[in-house]
2 protein chains.
Amino acid sequence: MLVSALLTSVGINSGLCVLFFGLYSILRKQPLNYEVYAPRLLSEGKSNPTSHFNLERLIPSPGWVKNAWNLSEDDLLASSGLDAVVFMRIITFSLKVFLFAGIIGIFVLLPLNCSGDKLDNIDFDNLSNNSLDVFSISNVNDGSKGLWVHFSAVYAVTIFVCCLLYYEYSYISLKRLAYFHSSKPQPHQFTILVRSIPVSSGSSVSDSVDSFFKEFYPSTYLSHVVVHRTSQLRTLIVLESEKQCQGYNVGSVVELVGRGHGTKSDAKKLYRRIRHLRSDPRDVKSHRSCCFGLCGRKVDLVDQYGKRLENLEENVRLEQSGVSFTGKEVRAAFVSFKSRYGAAVAFHLPQSINPTHWITEQAPEPHDVYWPLFSSSFMQRWISKLVVIVACILLTILFLIPVLLVQGLANLNQLELWFPFLKSILTITVVSQVVTGYLPNLILLLFLKSVPPIMEFLSSIQGYISHSDIDKSACTKVLWFTIWNIFFATIFSGSALSQLNIFLEPKNITSKLAVAVPAQASFFIAYVVTSGWTSTSSELFRVIPLFLSLIRRPFAGDPDDELEVPAMEYHKDIPRILFFGLLGITYFFLAPLILPFLLVYFCLGYIIFRNQFINVYGPRYETAGKFWPTAHNSMIFSLVLMHAIAVGIFTLKKLSLASSLVVPLPILTLLFNEYCRKRFLPIFIAYSAESLVKRDRQDESDPAMPEFYDKLVAAYQDPALMPIHYSSDTNSITTPLINNNARV
Amino acid sequence: MLVSALLTSVGINSGLCVLFFGLYSILRKQPLNYEVYAPRLLSEGKSNPTSHFNLERLIPSPGWVKNAWNLSEDDLLASSGLDAVVFMRIITFSLKVFLFAGIIGIFVLLPLNCSGDKLDNIDFDNLSNNSLDVFSISNVNDGSKGLWVHFSAVYAVTIFVCCLLYYEYSYISLKRLAYFHSSKPQPHQFTILVRSIPVSSGSSVSDSVDSFFKEFYPSTYLSHVVVHRTSQLRTLIVLESEKQCQGYNVGSVVELVGRGHGTKSDAKKLYRRIRHLRSDPRDVKSHRSCCFGLCGRKVDLVDQYGKRLENLEENVRLEQSGVSFTGKEVRAAFVSFKSRYGAAVAFHLPQSINPTHWITEQAPEPHDVYWPLFSSSFMQRWISKLVVIVACILLTILFLIPVLLVQGLANLNQLELWFPFLKSILTITVVSQVVTGYLPNLILLLFLKSVPPIMEFLSSIQGYISHSDIDKSACTKVLWFTIWNIFFATIFSGSALSQLNIFLEPKNITSKLAVAVPAQASFFIAYVVTSGWTSTSSELFRVIPLFLSLIRRPFAGDPDDELEVPAMEYHKDIPRILFFGLLGITYFFLAPLILPFLLVYFCLGYIIFRNQFINVYGPRYETAGKFWPTAHNSMIFSLVLMHAIAVGIFTLKKLSLASSLVVPLPILTLLFNEYCRKRFLPIFIAYSAESLVKRDRQDESDPAMPEFYDKLVAAYQDPALMPIHYSSDTNSITTPLINNNARV
């Protein structure tokens, strides 16, 4: 790739970014777009949709950049939780690393690379005519003394990254502990999930749990909630409501309750809808007539709505009692204790003489529980886990095969064969260039877009019990998928099986990497610019939500209905950021030219994601920083991969002494990682006796504890089994919520 | 190898075995040999050395075989502990497996192999002239339908072994639980070891432990004993005693106390010696004059002995108080709790917000603690562990290099060059044959003999705190060492690095195994006969102890002095048995002829080890069956190795369908192993809450508990710090022992 080509790409993408920024600056100020660009502020009532028009609304202004820049970490922690802080720290961590590496790379390595003449002498008169390879290590002469500078850079950056990793791990674990110590009593701190409960014939799961914990934890055991198999009930509720309320929005609202996502917010939403109907019947009628204007049935919708809702509730209640009492119990239960320490003891101790019974797990937050597909038997979960692992590996390894097939089908000749009428259009040069150049990329992009949801689905059937665990597991899966299918697939650019072959011959990996990796330097520089810059700006611009909102706007009469604050999809964004980190670390000494572009990417990310945390995303759960170990592991992997490439490169460049001297580096890095695993990882798995006891003592004097215990008892009710009686009391918003929580 | 050669080898070794059995049957009845052949019975007072001579003593009798045969498992459990039961069950397990495999091998596979004519037609007229390969799978024609029988045999044996493994694991874990439930309260059940104790400046380790556990475990914490760095004291005691008592046996006896092995028995021994001196001064004098007859100094040894012992004790006491009070505390302590449950909670919970502090471990039995080299800091132990792992891997991989070098030096020409006077002798054919044929083997054998002690030493500096853990770890190390340096080294018969190369190319492993493994079938058949049969018979005959006893006998005046009941060296014998198991499993379908010889080996082992448990070995510690998981893993490895060979063989024999159909087998075996790890392994790591609470409840009504708690407080005193005051009270045997235990 020539410098001019890169400059073109940079130009186009910078233009796109500026365009997105400009458009965003204007569009965000239009009240109609508040639900796209500030759903969080809207839901918190901080941003009222006003229709006053003034000129300022049409002029792009950088005020949001200032807001995002000024946001302090404490504010972020308070508003979006520790996970958002960790997410932002991954970005600042990368910024620090690539600032350091960038200074070394641009001011030391780049001149050295240019001064070599292995490939070509640099043409200073016409810079843009040089090949990008002139700026890479490939241009340094074999056996040149200058390679020792690269060698030193490898050592320096490794040491810098490790120090920073250590500092970050320690900082985040302290944050995690501080978060725990300052948190209010929360149900999940007092609760464990017990699975594979053995039941003797004649007794129920509930009896079994009760007698077991009363016998072995008499002083700390508080209560339990047995999990029921409610997936059928969920389907029933949805079907029933749809049947009853054909054409009415109630169906979809009740479905929300049935889905089990965030009970409170959904109940609130249902409630708001009812209030809305009562208070403004005109709106409902006009809304209906807007939808079914052609049918023209004009009835008193509020009355009808009320009756049908009552019917629906009656049916659901019948079903619920059926589920509760006719033995659809799953052999799993949430068991609550009187203290955090008591719950921790029950979690850590092996319970039964049969280690496959009474398996304990820390409970997730009540609204974080993933109710569907709640499998309980030990064997069932084990097998589904194995199946998912195999599926993930197969998907990762074989992903490119269907992509290549589809791409093959989408070439010019095929298209002409299938759609003869396109023939005339396809002969136009521009069109054919776009089709051949862009269509395969588009197909790859579409396939790639489908990966995070697929991985999330696979994680969900793996037996995780919370959305946060599912996301965390999906995050790791997506990360390895990306590394395999973008990094290695590009580098070895062969079929999946031939890629695999390289890893089955461990002896030759370093030499193969040394040949293949530098060859793709210019591709990845362009990749950072095109994929990285554009993806962050489109994140800011929220293309798809904006598009959906534009489509739905004519049909949406009720502003409350749409106001679901989206949650940050960590399993989508963290792997992307970590992948760019991997690119930077592996390429910084091969092609330092990548670093400025990466720095721009991370700067964009820094501002944009902070802005999104303020305006768009609300926290869906709180893992208290459990995403950091994934980031740490990814960095360590990047370092070791970089070392392997360095060993190969120095051998290739006939500097075998340097190549042998690099060998201790991956070993030391792995030892460092091992040390971090021992020093910090346990903090991210469970809290220590010291923390728990101290926290419990603080609560002893808290007068609100009895009330908390009352709530705790019912905190883990399956939302599908919660009573519905909105139809009878539609005058207050808070009553049903309190009812739900207080029901034992 | 020809059948005749095998028959010769079998003949010679059978002869040796019969000879050993005969000699043993006679020698064991001679009272002088009781300390070699029945030290255990002697120490228990069941076998009194009488000097009555009768003719029966000179006639070999098989009474001991009957005794060994009749020993029931419960008796063995009562007399030698669960470890001995597990050891015997490894042998019976192997017997069952190879009986099943033997029936298939000899009656189905062997005729099939002989019926082939790939190598040669079998010569039925002169059976002993056939090559052994005729009986192996190598003789079956390529693509023959008969290979499907081999295929079925592979499946049948795998399924049989897995079922049996499951049954055994379940049986032994039940035994382990039963053992725990029937055990008396023991100090190690109530105690944990805490390491890496952080100490604030100005306070001692003891204060730190006390305040920590009083704060976080107020209801269960009982007491603690801080570990002191006593290795210097140990050296001092030994030096001091040697200086003081030059020429007297006291030095070596006090040294026994200093060593820290089994306090009680050593104290008893010292005590017996004193009693002996007092009660029979004649014996002492004559003993001295026997030793130092040339010097001829005749003094009243009892008086002098008494004085010097007093001096010695005074010095040791001074040293002890120095150690106790001048800050030689190690940052480790044994912490005792009021209940087993309390100890388990403290063991399982992470203690501190810094996971490298307050690291807890289950305490070993008090007499099982390995006091020397008690390293406490987290980093120190981690680094020494890494160093040991690297040392083990290097030793395992590079072991054969020095052996081959030394063997090279020990050839005929070298010997003639170094010792010219041997020239005439070495020219005699028989001598030269013995030297060339036997010397290299002898050298290899000597090197191999040194491996278990080396591995034990490496394990001891790895940071294990008990003899049992050291033995367990050494057992695994010796097992992998044996598999690598006997199995793989024989098969690939190349240098260590070329062996390693094979494993660095995982693609070709199966095909290389398929070529190399059957080629060595006759070697391993001979190996079973020579090494296996002879090693067990020499175990019975106890060649080295007998030899040592014969040498020492003229100098030994005091029969009590030598009476140390030896402990079974599990880390030496278990790997050997498991290695023969591996040979049997990998070769059963390749060369079924190996199976009868293996069966004989295991039968010999069955009788001989039972006999040794009755007469010779006493239990040194009780791991309650923790050796079984090692045996289980070894069996699983053997199975998977066998499957890999089968895949290669079927490919080689052009039966690729069979070769693909074998592939699921290793996967299923590994899944089975994974299931067993989940189902049974946790039982071998820690007892469950259920067991602990039940056991604690049983004790609640036990009137002996207060006394037990008193003892518990002092159970983990370092023996080097125990008071010595034998000189002042030499009239009773039990007083000092009680003093030791009761001291707080």
# chains A, B, ... in the order shown; residues from 1 in each chain; ligands from 1
call {"tool": "interface_residues", "arguments": {"of": "chain B", "to": "chain A", "cutoff": "8 Å", "atoms": "only C-alpha atoms", "output": "PyMOL selection string"}}
result
chain B and resi 177+216+344-345+348-356+504-507+678-680+682-683+686-691+693
call {"tool": "residues_around", "arguments": {"residues": "B:Asn441", "least_positions_apart": "6", "cutoff": "10 Å", "atoms": "only C-alpha atoms", "output": "PyMOL selection string"}}
result
chain B and resi 407+435+447
call {"tool": "write_last_selection", "arguments": {"atoms": "N, CA and C atoms", "output": "PDB file, in the first residue's frame"}}
result
ATOM      1  N   GLN B 407      27.687 -44.648  30.551  1.00  0.00           N
ATOM      2  CA  GLN B 407      27.678 -45.977  29.930  1.00  0.00           C
ATOM      3  C   GLN B 407      28.740 -46.041  28.839  1.00  0.00           C
ATOM      4  N   VAL B 435      30.658 -57.818  31.325  1.00  0.00           N
ATOM      5  CA  VAL B 435      30.939 -56.384  31.413  1.00  0.00           C
ATOM      6  C   VAL B 435      30.139 -55.615  30.374  1.00  0.00           C
ATOM      7  N   PHE B 447      21.487 -45.340  38.461  1.00  0.00           N
ATOM      8  CA  PHE B 447      20.942 -44.005  38.235  1.00  0.00           C
ATOM      9  C   PHE B 447      19.453 -43.976  38.559  1.00  0.00           C
TER      10      PHE B 447
END
call {"tool": "residues_around", "arguments": {"residues": "stretch 365-370 of chain B", "least_positions_apart": "4", "cutoff": "6 Å", "atoms": "only C-alpha atoms", "output": "list in words"}}
result
His188, Gly262, Ile465, Ser466, His467 and Tyr716 of chain B
call {"tool": "write_last_selection", "arguments": {"atoms": "C-alpha atoms", "output": "short mmCIF file (atom, residue, chain, number, x, y, z; two decimals), in the first residue's frame"}}
result
data_model
loop_
_atom_site.label_atom_id
_atom_site.label_comp_id
_atom_site.auth_asym_id
_atom_site.auth_seq_id
_atom_site.Cartn_x
_atom_site.Cartn_y
_atom_site.Cartn_z
CA HIS B 188 -5.07 -32.12 62.44
CA GLY B 262 8.29 -38.99 64.73
CA ILE B 465 4.71 -29.04 54.91
CA SER B 466 4.23 -32.72 55.54
CA HIS B 467 5.97 -35.96 54.76
CA TYR B 716 2.00 -28.68 67.03
#
call {"tool": "atom_distance", "arguments": {"atom1": "atom CA of B:Phe609", "atom2": "atom CA of B:Ala84"}}
result
9.3 Å
call {"tool": "atom_distance", "arguments": {"atom1": "atom CA of A:Pro666", "atom2": "atom CA of A:His643"}}
result
6.1 Å
call {"tool": "residues_around", "arguments": {"residues": "A:Trp628", "least_positions_apart": "4", "cutoff": "8 Å", "atoms": "only C-alpha atoms", "output": "ChimeraX atom specification"}}
result
/A:86,90,169,172,632
call {"tool": "residues_around", "arguments": {"residues": "B:Phe21", "least_positions_apart": "4", "cutoff": "10 Å", "atoms": "only C-alpha atoms", "output": "PyMOL selection string"}}
result
chain B and resi 15-17+25-27+60-62+537-538+540-541+608
call {"tool": "residues_around", "arguments": {"residues": "A:Ser182", "least_positions_apart": "4", "cutoff": "12 Å", "atoms": "only C-alpha atoms", "output": "count of residues only"}}
result
12
